[in-house]
Structure formats: C-alpha cells, structure tokens
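The structure file protein.csv is reproduced below (CSV, C-alpha atoms).
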```csv
chain,number,residue,atom,x,y,z
Z,11,MET,CA,-7.0,-16.9,-4.3
Z,12,LEU,CA,-9.4,-14.2,-5.4
Z,13,VAL,CA,-8.0,-10.9,-4.3
Z,14,GLY,CA,-9.6,-7.5,-4.4
Z,15,VAL,CA,-7.2,-4.5,-4.9
Z,16,VAL,CA,-8.1,-0.9,-4.2
Z,17,GLY,CA,-6.0,2.2,-5.0
Z,18,CYS,CA,-6.6,5.1,-2.5
Z,19,CYS,CA,-9.2,4.5,0.2
Z,20,HIS,CA,-9.7,8.0,1.6
Z,21,GLY,CA,-11.7,6.6,4.5
Z,22,GLU,CA,-14.5,5.3,2.3
Z,23,LEU,CA,-14.7,1.8,3.6
Z,24,ASP,CA,-18.5,1.6,3.2
Z,25,VAL,CA,-18.2,2.5,-0.5
Z,26,ILE,CA,-15.3,0.1,-1.0
Z,27,TYR,CA,-17.0,-2.9,0.7
Z,28,ASP,CA,-20.3,-2.2,-1.1
Z,29,THR,CA,-18.5,-2.0,-4.5
Z,30,LEU,CA,-16.6,-5.2,-3.7
Z,31,ALA,CA,-19.9,-7.0,-2.9
Z,32,GLU,CA,-21.3,-5.9,-6.2
Z,33,ALA,CA,-18.2,-7.3,-8.0
Z,34,GLU,CA,-18.6,-10.6,-6.1
Z,35,LYS,CA,-22.2,-10.8,-7.2
Z,36,ARG,CA,-21.2,-10.3,-10.9
Z,37,LEU,CA,-18.4,-12.9,-10.6
Z,38,ASP,CA,-20.5,-15.3,-8.5
Z,39,LYS,CA,-17.4,-15.7,-6.3
Z,40,LYS,CA,-16.3,-14.5,-2.9
Z,41,THR,CA,-13.0,-12.6,-2.6
Z,42,ASP,CA,-10.6,-14.1,0.0
Z,43,LEU,CA,-8.6,-10.9,0.7
Z,44,LEU,CA,-8.7,-7.2,0.1
Z,45,LEU,CA,-5.5,-5.1,-0.4
Z,46,ILE,CA,-5.6,-1.3,-0.2
Z,47,CYS,CA,-2.7,0.9,-1.4
Z,48,GLY,CA,-2.7,3.8,1.0
Z,49,ASP,CA,-4.5,7.0,1.9
Z,50,PHE,CA,-6.4,4.6,4.1
Z,51,GLN,CA,-7.3,7.3,6.7
Z,52,SER,CA,-8.0,5.3,9.8
Z,53,VAL,CA,-9.7,8.3,11.4
Z,54,ARG,CA,-11.4,7.4,14.7
Z,55,ASN,CA,-12.4,10.9,16.0
Z,56,GLU,CA,-11.8,14.6,15.6
Z,57,ASP,CA,-8.4,14.4,17.2
Z,58,ASP,CA,-7.2,11.9,14.6
Z,59,LEU,CA,-8.6,14.2,11.9
Z,60,GLU,CA,-6.2,17.0,13.0
Z,61,CYS,CA,-3.3,14.7,12.3
Z,62,VAL,CA,-4.2,14.1,8.6
Z,63,ALA,CA,-2.0,16.2,6.3
Z,64,CYS,CA,-4.5,17.9,4.0
Z,65,PRO,CA,-6.3,21.3,3.8
Z,66,PRO,CA,-9.0,21.6,6.5
Z,67,LYS,CA,-11.8,21.8,4.0
Z,68,TYR,CA,-11.0,18.3,2.8
Z,69,ARG,CA,-10.9,16.7,6.3
Z,70,GLN,CA,-13.8,14.3,6.8
Z,71,ILE,CA,-14.2,11.5,9.3
Z,72,ASN,CA,-15.8,9.2,6.8
Z,73,THR,CA,-16.5,5.6,7.8
Z,74,PHE,CA,-13.5,3.9,9.3
Z,75,TYR,CA,-14.7,4.8,12.8
Z,76,LYS,CA,-17.6,2.4,12.4
Z,77,TYR,CA,-15.2,-0.5,12.0
Z,78,TYR,CA,-13.0,0.6,14.8
Z,79,SER,CA,-15.9,1.0,17.2
Z,80,GLY,CA,-17.4,-2.4,16.3
Z,81,GLU,CA,-20.5,-0.9,14.8
Z,82,LYS,CA,-19.5,-2.8,11.6
Z,83,THR,CA,-17.0,-5.5,10.8
Z,84,ALA,CA,-14.9,-5.7,7.7
Z,85,PRO,CA,-16.5,-8.5,5.6
Z,86,VAL,CA,-13.1,-9.7,4.3
Z,87,LEU,CA,-9.6,-9.6,5.7
Z,88,THR,CA,-8.2,-6.2,4.6
Z,89,ILE,CA,-4.5,-5.3,4.4
Z,90,PHE,CA,-3.2,-1.8,3.7
Z,91,VAL,CA,-0.1,0.3,3.5
Z,92,GLY,CA,0.0,4.0,4.5
Z,93,GLY,CA,-0.1,6.9,2.0
Z,94,ASN,CA,0.4,10.6,2.3
Z,95,HIS,CA,-3.1,11.4,3.8
Z,96,GLU,CA,-3.3,9.4,7.0
Z,97,ALA,CA,-4.2,9.6,10.6
Z,98,SER,CA,-0.5,9.5,11.3
Z,99,ASN,CA,-0.9,9.6,15.1
Z,100,TYR,CA,-2.8,6.3,15.1
Z,101,LEU,CA,-0.6,4.5,12.5
Z,102,GLN,CA,2.6,5.5,14.4
Z,103,GLU,CA,1.3,3.4,17.3
Z,104,LEU,CA,1.9,0.4,15.0
Z,105,PRO,CA,5.3,1.1,13.3
Z,106,TYR,CA,5.9,-2.6,12.7
Z,107,GLY,CA,2.3,-3.3,11.6
Z,108,GLY,CA,-0.8,-4.6,13.3
Z,109,PHE,CA,-4.6,-4.5,13.4
Z,110,VAL,CA,-6.2,-1.1,13.4
Z,111,ALA,CA,-9.6,-2.6,13.7
Z,112,PRO,CA,-11.0,-6.2,13.6
Z,113,ASN,CA,-10.0,-7.8,10.3
Z,114,ILE,CA,-8.2,-4.7,9.1
Z,115,TYR,CA,-4.3,-5.0,9.2
Z,116,TYR,CA,-1.8,-2.2,8.6
Z,117,MET,CA,1.7,-3.2,7.2
Z,118,GLY,CA,3.6,-0.6,9.2
Z,119,TYR,CA,6.4,1.5,7.8
Z,120,ALA,CA,7.5,-1.5,5.9
Z,121,GLY,CA,7.0,-5.2,6.3
Z,122,ALA,CA,6.3,-8.7,5.0
Z,123,ILE,CA,3.6,-11.2,6.0
Z,124,SER,CA,1.9,-14.3,4.7
Z,125,VAL,CA,-1.8,-14.8,4.2
Z,126,GLY,CA,-3.1,-18.2,3.2
Z,127,GLY,CA,0.2,-19.0,1.7
Z,128,LEU,CA,0.5,-15.7,-0.2
Z,129,ARG,CA,3.6,-13.8,0.6
Z,130,ILE,CA,3.0,-10.0,0.8
Z,131,ALA,CA,5.5,-7.3,1.3
Z,132,GLY,CA,5.0,-3.5,1.3
Z,133,ILE,CA,6.1,0.0,2.2
Z,134,SER,CA,4.1,3.0,3.3
Z,135,GLY,CA,4.4,6.6,2.3
Z,136,ILE,CA,5.8,8.6,-0.6
Z,137,TYR,CA,9.3,9.5,-1.7
Z,138,LYS,CA,10.9,12.8,-0.8
Z,139,LYS,CA,14.6,13.1,-1.3
Z,140,HIS,CA,15.3,15.5,1.5
Z,141,ASP,CA,13.9,13.1,4.1
Z,142,TYR,CA,15.0,9.8,2.6
Z,143,ASP,CA,18.1,9.4,4.7
Z,144,ALA,CA,16.6,10.5,8.0
Z,145,PRO,CA,15.3,8.2,10.7
Z,146,HIS,CA,11.7,8.1,11.7
Z,147,PHE,CA,11.9,11.0,14.2
Z,148,GLU,CA,8.3,12.4,14.0
Z,149,HIS,CA,5.8,12.1,16.9
Z,150,PRO,CA,2.7,13.9,18.0
Z,151,PRO,CA,2.0,16.7,18.5
Z,152,TYR,CA,3.2,17.4,14.9
Z,153,THR,CA,4.6,20.6,13.6
Z,154,GLU,CA,3.6,21.8,10.1
Z,155,SER,CA,6.8,20.1,8.8
Z,156,SER,CA,6.6,16.8,10.7
Z,157,LEU,CA,3.0,16.4,9.8
Z,158,ARG,CA,4.2,15.8,6.3
Z,159,SER,CA,7.6,14.3,6.8
Z,160,VAL,CA,6.0,11.5,8.9
Z,161,TYR,CA,4.7,9.9,5.8
Z,162,HIS,CA,7.9,10.2,3.7
Z,163,MET,CA,9.6,6.9,2.7
Z,164,ARG,CA,12.9,6.1,4.5
Z,165,LYS,CA,16.1,4.5,3.2
Z,166,GLU,CA,16.4,2.2,6.2
Z,167,ASP,CA,13.1,0.6,5.4
Z,168,VAL,CA,13.9,0.2,1.7
Z,169,GLU,CA,17.3,-1.4,2.5
Z,170,ARG,CA,15.6,-3.9,4.8
Z,171,LEU,CA,13.1,-4.8,2.2
Z,172,CYS,CA,15.8,-5.3,-0.4
Z,173,ARG,CA,17.4,-7.9,1.9
Z,174,ILE,CA,14.4,-10.3,1.4
Z,175,SER,CA,15.8,-13.3,-0.5
Z,176,GLY,CA,12.7,-15.5,-0.9
Z,177,HIS,CA,10.1,-14.9,-3.6
Z,178,VAL,CA,7.5,-12.2,-3.0
Z,179,ASP,CA,4.0,-12.8,-4.5
Z,180,VAL,CA,2.6,-9.3,-4.0
Z,181,PHE,CA,4.2,-6.0,-3.2
Z,182,LEU,CA,2.1,-3.0,-2.0
Z,183,SER,CA,3.0,0.7,-2.1
Z,184,HIS,CA,1.3,4.0,-2.3
Z,185,ASP,CA,3.8,5.7,-4.5
Z,186,TRP,CA,4.7,4.5,-8.0
Z,187,PRO,CA,8.2,3.3,-9.1
Z,188,SER,CA,9.8,6.2,-10.9
Z,189,GLN,CA,10.4,4.3,-14.1
Z,190,ILE,CA,7.2,2.4,-14.3
Z,191,THR,CA,5.7,4.5,-17.1
Z,192,GLN,CA,8.3,3.0,-19.5
Z,193,TYR,CA,6.5,-0.4,-19.2
Z,194,GLY,CA,2.9,0.6,-19.8
Z,195,ASN,CA,0.7,2.7,-22.2
Z,196,LEU,CA,2.1,6.2,-21.4
Z,197,GLN,CA,0.1,7.9,-24.1
Z,198,LYS,CA,-3.2,6.6,-22.6
Z,199,LEU,CA,-2.1,7.7,-19.2
Z,200,LEU,CA,-1.3,11.3,-20.4
Z,201,GLN,CA,-4.6,11.6,-22.1
Z,202,ARG,CA,-6.2,11.4,-18.7
Z,203,LYS,CA,-3.5,13.0,-16.6
Z,204,ARG,CA,-1.7,15.6,-18.8
Z,205,PHE,CA,-0.1,17.2,-15.8
Z,206,LEU,CA,2.1,14.2,-15.3
Z,207,LYS,CA,4.0,14.8,-18.5
Z,208,GLU,CA,6.3,17.4,-17.0
Z,209,ASP,CA,7.2,15.2,-14.0
Z,210,ILE,CA,7.9,12.3,-16.3
Z,211,GLU,CA,10.1,14.4,-18.5
Z,212,ARG,CA,12.0,15.7,-15.5
Z,213,ASN,CA,12.3,12.2,-14.1
Z,214,ALA,CA,10.5,13.4,-11.0
Z,215,LEU,CA,7.5,11.1,-11.0
Z,216,GLY,CA,7.3,8.5,-8.3
Z,217,SER,CA,10.0,6.9,-6.2
Z,218,PRO,CA,13.5,5.7,-7.4
Z,219,ALA,CA,13.6,3.6,-4.2
Z,220,LEU,CA,10.7,1.5,-5.5
Z,221,ASP,CA,12.6,1.0,-8.8
Z,222,GLU,CA,15.3,-0.7,-6.6
Z,223,ILE,CA,12.7,-2.8,-4.8
Z,224,ILE,CA,11.0,-4.0,-8.0
Z,225,SER,CA,14.4,-4.9,-9.5
Z,226,ARG,CA,15.6,-6.7,-6.4
Z,227,LEU,CA,12.5,-8.5,-5.2
Z,228,GLN,CA,10.9,-9.1,-8.6
Z,229,PRO,CA,7.5,-9.7,-7.1
Z,230,SER,CA,4.8,-11.4,-9.2
Z,231,TYR,CA,2.4,-8.5,-8.6
Z,232,PHE,CA,3.0,-4.8,-7.6
Z,233,PHE,CA,0.0,-2.7,-6.6
Z,234,ALA,CA,0.1,1.1,-6.1
Z,235,ALA,CA,-2.2,4.2,-6.0
Z,236,HIS,CA,-1.4,7.9,-5.2
Z,237,LEU,CA,-1.8,9.5,-8.7
Z,238,HIS,CA,-5.6,8.6,-9.0
Z,239,ALA,CA,-5.2,6.9,-12.3
Z,240,LYS,CA,-5.5,3.3,-13.5
Z,241,PHE,CA,-2.2,2.2,-15.0
Z,242,PRO,CA,-1.2,-1.4,-15.8
Z,243,ALA,CA,2.3,-2.3,-16.8
Z,244,ILE,CA,4.5,-5.4,-17.1
Z,245,VAL,CA,8.1,-5.2,-16.0
Z,246,PRO,CA,10.4,-7.9,-17.5
Z,247,HIS,CA,13.2,-9.2,-15.4
Z,248,GLY,CA,14.8,-11.8,-17.7
Z,249,GLU,CA,14.7,-15.6,-17.6
Z,250,GLY,CA,10.9,-15.5,-18.1
Z,251,LYS,CA,10.3,-13.5,-14.9
Z,252,GLU,CA,8.1,-10.5,-14.9
Z,253,THR,CA,6.2,-8.2,-12.5
Z,254,LYS,CA,2.6,-7.3,-13.2
Z,255,PHE,CA,2.1,-3.7,-12.0
Z,256,LEU,CA,-1.3,-2.1,-11.5
Z,257,ALA,CA,-2.0,1.4,-10.1
Z,258,LEU,CA,-5.6,2.2,-9.3
Z,259,SER,CA,-7.6,5.4,-8.5
Z,260,LYS,CA,-9.8,6.5,-5.6
Z,261,PRO,CA,-13.4,5.7,-4.7
Z,262,LEU,CA,-15.4,8.2,-6.7
Z,263,PRO,CA,-18.1,7.7,-9.4
Z,264,GLY,CA,-16.5,6.8,-12.7
Z,265,GLN,CA,-13.1,6.1,-11.2
Z,266,ASP,CA,-11.3,2.7,-11.6
Z,267,PHE,CA,-10.5,2.2,-7.9
Z,268,LEU,CA,-11.2,-1.6,-7.5
Z,269,GLN,CA,-9.9,-4.6,-9.4
Z,270,VAL,CA,-10.4,-8.3,-8.6
Z,271,VAL,CA,-7.4,-10.4,-9.4
Z,272,GLU,CA,-7.0,-14.2,-9.3
Z,273,ILE,CA,-3.6,-15.1,-7.8
Z,274,ASP,CA,-2.1,-18.6,-7.6
Z,275,ASN,CA,1.4,-19.2,-6.5
Z,276,GLY,CA,0.9,-23.0,-6.2
Z,277,LYS,CA,1.2,-22.9,-2.4
Z,278,LEU,CA,-2.1,-21.4,-1.4
Z,279,VAL,CA,-4.3,-22.6,1.5
Z,280,GLN,CA,-7.9,-23.0,0.5
Z,281,PRO,CA,-9.8,-20.7,2.9
Z,282,ASP,CA,-12.7,-23.2,3.2
Z,283,THR,CA,-10.5,-26.0,4.4
Z,284,THR,CA,-9.2,-24.4,7.6
Z,285,ASP,CA,-10.3,-21.6,9.9
Z,286,ALA,CA,-6.7,-20.4,10.0
Z,287,GLY,CA,-6.3,-20.2,6.3
Z,288,MET,CA,-6.7,-16.4,6.0
Z,289,GLU,CA,-4.9,-15.4,9.2
Z,290,VAL,CA,-2.1,-12.8,9.0
Z,291,VAL,CA,1.2,-14.6,9.7
Z,292,ARG,CA,4.4,-12.7,10.4
Z,293,ASP,CA,7.1,-13.5,7.8
Z,294,LEU,CA,10.0,-15.3,9.4
Z,295,GLU,CA,12.7,-13.9,7.1
Z,296,TRP,CA,11.4,-10.4,7.7
Z,297,LEU,CA,11.5,-10.9,11.5
Z,298,ALA,CA,15.1,-12.1,11.2
Z,299,ILE,CA,16.0,-9.0,9.1
Z,300,MET,CA,14.4,-6.7,11.7
Z,301,ARG,CA,16.3,-8.4,14.5
Z,302,ASN,CA,19.6,-8.4,12.7
Z,303,PRO,CA,19.5,-5.6,10.0
Z,304,LYS,CA,23.1,-6.1,9.0
Z,305,ALA,CA,22.6,-9.7,7.9
Z,306,GLU,CA,22.2,-10.2,4.2
Z,307,SER,CA,19.2,-12.5,4.6
Z,308,MET,CA,17.8,-15.2,6.8
Z,309,GLU,CA,19.4,-17.9,4.7
Z,310,GLU,CA,22.9,-16.4,4.9
Z,311,SER,CA,22.8,-15.4,8.6
```
structure tokens encoding of this file:
Amino acid sequence: MLVGVVGCCHGELDVIYDTLAEAEKRLDKKTDLLLICGDFQSVRNEDDLECVACPPKYRQINTFYKYYSGEKTAPVLTIFVGGNHEASNYLQELPYGGFVAPNIYYMGYAGAISVGGLRIAGISGIYKKHDYDAPHFEHPPYTESSLRSVYHMRKEDVERLCRISGHVDVFLSHDWPSQITQYGNLQKLLQRKRFLKEDIERNALGSPALDEIISRLQPSYFFAAHLHAKFPAIVPHGEGKETKFLALSKPLPGQDFLQVVEIDNGKLVQPDTTDAGMEVVRDLEWLAIMRNPKAESMEES
C-alpha cells in the first residue's frame, strides 16, 4: 500500500493535496491513503476559528471549509489525529472518531481502525503533566484555560491504547515520544532546531506516555509532527522487531512535510479489486476495550 504521510496540516489541504499529486506524478503511482499527524485545523467558519488555541494574528480559515461544504472532495482517503492547534469545538463532537468531511476521517481522542487491511492506531493532542490524570471535562464555550487543556493527552486514553494486544501496523500522534531522539541523528536535528537542546537535556521534550505506547504496542511505523522538523529514527524492540519512526514538518516552502511510504503487512487488500478496499473499518479489539475498559484485551476477556 502506498501511503502519504504529512506532519502538521495547519488547514492547508489544497497545498497538501497538490503536493501529493506532484509526488504521485514523479513516482508514476497513485497513493492509496493519506495520514496527517495533527494541527489539522478543521475550521468551517469564523466561530470555529475562535476555538483554535493560537494568537489571533495567526488565525486563518484556510481551505478545509471547501471540503466540508462539498466545493471540493478529498482525492484520497485522509486520516488524521488532533494536535494543539485545532477547531476543538468541532472535533469534540467526534470524541470516538468519525468523518469531519467526505473522505476525511478523524481518529478521536484515541482509537484504532483498519483500512484495506492496514491496522492504524493513534492518539490526539500533546502531553502536559498537570492535565494528564484529568478526565476530558472541557466543552464550549471555552475559558482561556480549557481552550488549551482540551488538547492535552489523557492517561485514560493511553491506558486503553496499551491494552491493544494485536499487532499495530501504524501509530499516529502529534507529539513525539520523549526518548525518541536517542534513536536518530540528534546532531543533525539540533543543527536545524537548536532550541530543542535544552528540552532534551532536561528530559522535557515530547511525551513519556508515547514512550510507553511505543514500547507496549511496538508498531511497525510511528508517525508524528508538532516540532516542525523531519526526524527519522529506528527503535529496536528485540527479537528482530523494530519501529520505524518519522516526524515531519508543516506545509511551507522548503519544509519536509510530506513523505510517501510503501507499507506491506502481508494482509493488505488491493484497492483496485474491491470498492470496499479503502473503507474505514472500526477495530473490533478497540471496540471491546472501549466497552469494557477493565479487561486486559479482547483475547483475554
């Protein structure tokens, strides 16, 4: 399966789909799926824009509204997790995931799905220790505080993800695992992002919750964004298992924000053999976990 991966979206769907089309032309292949790692900004109107946590001067409607209204249709099935700059009022309507526009699917606070035989899990938001143990209590109209806490990662979602027992092909997050810089070219990263050095030295970069997820689930691929830097890494798990990690940037000239990856888990449905091949299918084990969160896994319950 040919999969396009994007770092931050920032509402620039036109730019992303145009760039993907250019990549397909160079490869002489069509992508089957597009994954976006947060800051999607599903802004439909001015009211949504007021619910995006960022300084007013950076608030722009951009191009998602065209896909929501039907003026345009996403040319490829697009799946995304939330980041820390979102139209949170809209995404909170779909806490367990769902389509925000035709052919564009949001993973919810956390979740697992299957697309064409590819098992994808993910979690939205970024890590903040002071909100980690809290439930999802936020709702519109937001206060200055809840406008930010609404996108903070929660322990209950991480614990549910860690109960997944079957193999995960792809994991999506916005934030980085806190220890991921140990497994890639740190020197090259710091040449481009010097300000990260202090956070890394203080062990304050990224999310320790994602370290637990990558260790427990051992996904074949782990894609992230947030820090606006391309950073590949390989995390070994023993017994020949490893996770290929890739963080990407945002859609600006000169930025590495899109990568096309060939993924084959040996169980994929060829999209040209069935109309249903690229549908989003709810993951049965995840549904069982959500129904009975105290059970260890579907296989043990």
message: Counting only C-alpha atoms, which residue out of Z:Leu87, Z:Ala131, Z:Ala31, Z:Val13 sits closest to Leu182 in chain Z?
response: Z:Ala131
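Going from CA of Leu171 in chain Z over to CA of Tyr106 in chain Z, you cover 12.9 Å.
The spacing separating CA of Asn55 in chain Z from CA of Asp24 in chain Z amounts to 17.0 Å.
One finds CA of Leu12 in chain Z at 28.4 Å from CA of Leu196 in chain Z.
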Pick from Z:Ile89, Z:Asp42, Z:Gln228, Z:Phe50, whichever lies nearest to Ile123 in chain Z using all atoms listed in the file: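 Under the stated criterion, the closest residue is Z:Ile89.
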field: From Z:Ile136, Z:Ala63, Z:Leu206, Z:Leu128, residue lying nearest Pro187 in chain Z [all atoms listed in the file]
entry: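 Result for the nearest residue to Pro187 in chain Z: Z:Ile136.
Distances from Z:Arg202, Z:Arg212, Z:His184, Z:Lys40 to Phe233 in chain Z were compared using all atoms listed in the file, and the smallest one belongs to Z:His184.
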task: Pick out the residues sitting within 10 Å of range 250-254 of chain Z, and hand them over as a PyMOL selection string; count only C-alpha atoms, and ignore anything fewer than 6 positions along from it in its own chain.
output: chain Z and resi 179-181+193+224-225+227-233+242-244
task: Considering all atoms listed in the file, return as a PyMOL selection string whatever protein or nucleic-acid residues lie within 10 Å of range 214-220 of chain Z, sequence-local ones (same chain, fewer than 5 positions apart) excluded.
output: chain Z and resi 133+136-139+142+163-165+168-169+172+183-191+206-209+225-226+236-237
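Residue nearest Glu295 in chain Z within the list Z:Gly135, Z:Gly276, Z:Gly121, Z:Pro246: Z:Gly121 [criterion: smallest interatomic distance, only C-alpha atoms].
Compared by their closest atoms to Arg204 in chain Z, and using only C-alpha atoms, the residues Z:Val125, Z:Gln265, Z:Ala239, Z:Val271 rank with Z:Ala239 nearest.
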- request: Would you list the residues near (-11.4, -0.6, 11.1), meaning any protein, DNA or RNA residue with an atom at most 12 Å from that point in file coordinates, counting only C-alpha atoms, as a PyMOL selection string?
  value: chain Z and resi 21-24+50-54+72-90+100+108-116
task: May I have the residues within 9 Å of Val25 in chain Z as a PyMOL selection string, using all atoms listed in the file and disregarding those fewer than 4 positions away in the same chain?
output: chain Z and resi 29-30+261-262
Those same residues - C-alpha atoms - I'd like them written as a PDB file, in the coordinates of the input.
```
ATOM      1  CA  THR Z  29     -18.500  -2.000  -4.500  1.00  0.00           C
ATOM      2  CA  LEU Z  30     -16.600  -5.200  -3.700  1.00  0.00           C
ATOM      3  CA  PRO Z 261     -13.400   5.700  -4.700  1.00  0.00           C
ATOM      4  CA  LEU Z 262     -15.400   8.200  -6.700  1.00  0.00           C
TER       5      LEU Z 262
END
```
Kindly add all heavy atoms to the incomplete range 165-175 of chain Z and provide the output as a PDB file, keeping the file's coordinate frame.
```pdb
ATOM      1  N   LYS Z 165      15.091   5.436   3.793  1.00  0.00           N
ATOM      2  CA  LYS Z 165      16.100   4.500   3.200  1.00  0.00           C
ATOM      3  C   LYS Z 165      16.250   3.262   4.039  1.00  0.00           C
ATOM      4  O   LYS Z 165      16.414   2.166   3.478  1.00  0.00           O
ATOM      5  CB  LYS Z 165      17.440   5.278   3.137  1.00  0.00           C
ATOM      6  CG  LYS Z 165      18.568   4.473   2.522  1.00  0.00           C
ATOM      7  CD  LYS Z 165      19.842   5.308   2.453  1.00  0.00           C
ATOM      8  CE  LYS Z 165      20.993   4.525   1.843  1.00  0.00           C
ATOM      9  NZ  LYS Z 165      22.230   5.348   1.770  1.00  0.00           N
ATOM     10  N   GLU Z 166      16.212   3.369   5.363  1.00  0.00           N
ATOM     11  CA  GLU Z 166      16.400   2.200   6.200  1.00  0.00           C
ATOM     12  C   GLU Z 166      15.349   1.134   5.940  1.00  0.00           C
ATOM     13  O   GLU Z 166      15.641  -0.077   5.973  1.00  0.00           O
ATOM     14  CB  GLU Z 166      16.433   2.579   7.687  1.00  0.00           C
ATOM     15  CG  GLU Z 166      15.147   3.192   8.207  1.00  0.00           C
ATOM     16  CD  GLU Z 166      15.244   3.600   9.668  1.00  0.00           C
ATOM     17  OE1 GLU Z 166      16.331   3.437  10.257  1.00  0.00           O
ATOM     18  OE2 GLU Z 166      14.243   4.080  10.208  1.00  0.00           O
ATOM     19  N   ASP Z 167      14.121   1.556   5.657  1.00  0.00           N
ATOM     20  CA  ASP Z 167      13.100   0.600   5.400  1.00  0.00           C
ATOM     21  C   ASP Z 167      13.254  -0.055   4.007  1.00  0.00           C
ATOM     22  O   ASP Z 167      13.013  -1.254   3.836  1.00  0.00           O
ATOM     23  CB  ASP Z 167      11.692   1.286   5.429  1.00  0.00           C
ATOM     24  CG  ASP Z 167      11.368   1.820   6.807  1.00  0.00           C
ATOM     25  OD1 ASP Z 167      11.695   1.134   7.794  1.00  0.00           O
ATOM     26  OD2 ASP Z 167      10.805   2.926   6.903  1.00  0.00           O
ATOM     27  N   VAL Z 168      13.686   0.740   3.028  1.00  0.00           N
ATOM     28  CA  VAL Z 168      13.900   0.200   1.700  1.00  0.00           C
ATOM     29  C   VAL Z 168      15.081  -0.804   1.725  1.00  0.00           C
ATOM     30  O   VAL Z 168      14.998  -1.882   1.121  1.00  0.00           O
ATOM     31  CB  VAL Z 168      14.264   1.359   0.707  1.00  0.00           C
ATOM     32  CG1 VAL Z 168      14.718   0.815  -0.645  1.00  0.00           C
ATOM     33  CG2 VAL Z 168      13.051   2.266   0.534  1.00  0.00           C
ATOM     34  N   GLU Z 169      16.139  -0.485   2.459  1.00  0.00           N
ATOM     35  CA  GLU Z 169      17.300  -1.400   2.500  1.00  0.00           C
ATOM     36  C   GLU Z 169      16.879  -2.719   3.194  1.00  0.00           C
ATOM     37  O   GLU Z 169      17.336  -3.793   2.774  1.00  0.00           O
ATOM     38  CB  GLU Z 169      18.415  -0.744   3.334  1.00  0.00           C
ATOM     39  CG  GLU Z 169      19.100   0.381   2.574  1.00  0.00           C
ATOM     40  CD  GLU Z 169      20.224   1.025   3.368  1.00  0.00           C
ATOM     41  OE1 GLU Z 169      20.225   0.873   4.611  1.00  0.00           O
ATOM     42  OE2 GLU Z 169      21.085   1.668   2.743  1.00  0.00           O
ATOM     43  N   ARG Z 170      16.031  -2.662   4.208  1.00  0.00           N
ATOM     44  CA  ARG Z 170      15.600  -3.900   4.800  1.00  0.00           C
ATOM     45  C   ARG Z 170      14.743  -4.737   3.880  1.00  0.00           C
ATOM     46  O   ARG Z 170      14.905  -5.959   3.807  1.00  0.00           O
ATOM     47  CB  ARG Z 170      14.756  -3.558   6.095  1.00  0.00           C
ATOM     48  CG  ARG Z 170      15.601  -3.042   7.246  1.00  0.00           C
ATOM     49  CD  ARG Z 170      14.752  -2.439   8.334  1.00  0.00           C
ATOM     50  NE  ARG Z 170      15.574  -1.942   9.433  1.00  0.00           N
ATOM     51  CZ  ARG Z 170      15.150  -1.064  10.336  1.00  0.00           C
ATOM     52  NH1 ARG Z 170      13.912  -0.585  10.257  1.00  0.00           N
ATOM     53  NH2 ARG Z 170      15.952  -0.669  11.303  1.00  0.00           N
ATOM     54  N   LEU Z 171      13.860  -4.094   3.136  1.00  0.00           N
ATOM     55  CA  LEU Z 171      13.100  -4.800   2.200  1.00  0.00           C
ATOM     56  C   LEU Z 171      13.927  -5.478   1.097  1.00  0.00           C
ATOM     57  O   LEU Z 171      13.667  -6.609   0.660  1.00  0.00           O
ATOM     58  CB  LEU Z 171      12.036  -3.895   1.502  1.00  0.00           C
ATOM     59  CG  LEU Z 171      10.837  -3.498   2.370  1.00  0.00           C
ATOM     60  CD1 LEU Z 171      10.088  -2.330   1.744  1.00  0.00           C
ATOM     61  CD2 LEU Z 171       9.890  -4.679   2.574  1.00  0.00           C
ATOM     62  N   CYS Z 172      14.966  -4.782   0.688  1.00  0.00           N
ATOM     63  CA  CYS Z 172      15.800  -5.300  -0.400  1.00  0.00           C
ATOM     64  C   CYS Z 172      16.668  -6.494   0.121  1.00  0.00           C
ATOM     65  O   CYS Z 172      17.312  -7.173  -0.693  1.00  0.00           O
ATOM     66  CB  CYS Z 172      16.756  -4.209  -0.898  1.00  0.00           C
ATOM     67  SG  CYS Z 172      15.884  -3.017  -1.959  1.00  0.00           S
ATOM     68  N   ARG Z 173      16.680  -6.775   1.414  1.00  0.00           N
ATOM     69  CA  ARG Z 173      17.400  -7.900   1.900  1.00  0.00           C
ATOM     70  C   ARG Z 173      16.548  -9.211   1.880  1.00  0.00           C
ATOM     71  O   ARG Z 173      17.041 -10.299   2.149  1.00  0.00           O
ATOM     72  CB  ARG Z 173      17.846  -7.687   3.382  1.00  0.00           C
ATOM     73  CG  ARG Z 173      18.901  -6.600   3.491  1.00  0.00           C
ATOM     74  CD  ARG Z 173      19.504  -6.553   4.888  1.00  0.00           C
ATOM     75  NE  ARG Z 173      20.461  -5.480   4.989  1.00  0.00           N
ATOM     76  CZ  ARG Z 173      20.244  -4.324   5.620  1.00  0.00           C
ATOM     77  NH1 ARG Z 173      19.089  -4.110   6.208  1.00  0.00           N
ATOM     78  NH2 ARG Z 173      21.169  -3.378   5.658  1.00  0.00           N
ATOM     79  N   ILE Z 174      15.271  -9.071   1.550  1.00  0.00           N
ATOM     80  CA  ILE Z 174      14.400 -10.300   1.400  1.00  0.00           C
ATOM     81  C   ILE Z 174      14.959 -11.105   0.274  1.00  0.00           C
ATOM     82  O   ILE Z 174      15.142 -10.616  -0.843  1.00  0.00           O
ATOM     83  CB  ILE Z 174      12.961  -9.862   1.175  1.00  0.00           C
ATOM     84  CG1 ILE Z 174      12.373  -9.165   2.410  1.00  0.00           C
ATOM     85  CG2 ILE Z 174      12.126 -11.088   0.807  1.00  0.00           C
ATOM     86  CD1 ILE Z 174      10.965  -8.634   2.211  1.00  0.00           C
ATOM     87  N   SER Z 175      15.190 -12.375   0.545  1.00  0.00           N
ATOM     88  CA  SER Z 175      15.800 -13.300  -0.500  1.00  0.00           C
ATOM     89  C   SER Z 175      14.741 -14.179  -1.104  1.00  0.00           C
ATOM     90  O   SER Z 175      14.874 -14.567  -2.261  1.00  0.00           O
ATOM     91  CB  SER Z 175      16.908 -14.087   0.130  1.00  0.00           C
ATOM     92  OG  SER Z 175      16.402 -14.932   1.157  1.00  0.00           O
TER      93      SER Z 175
END
```
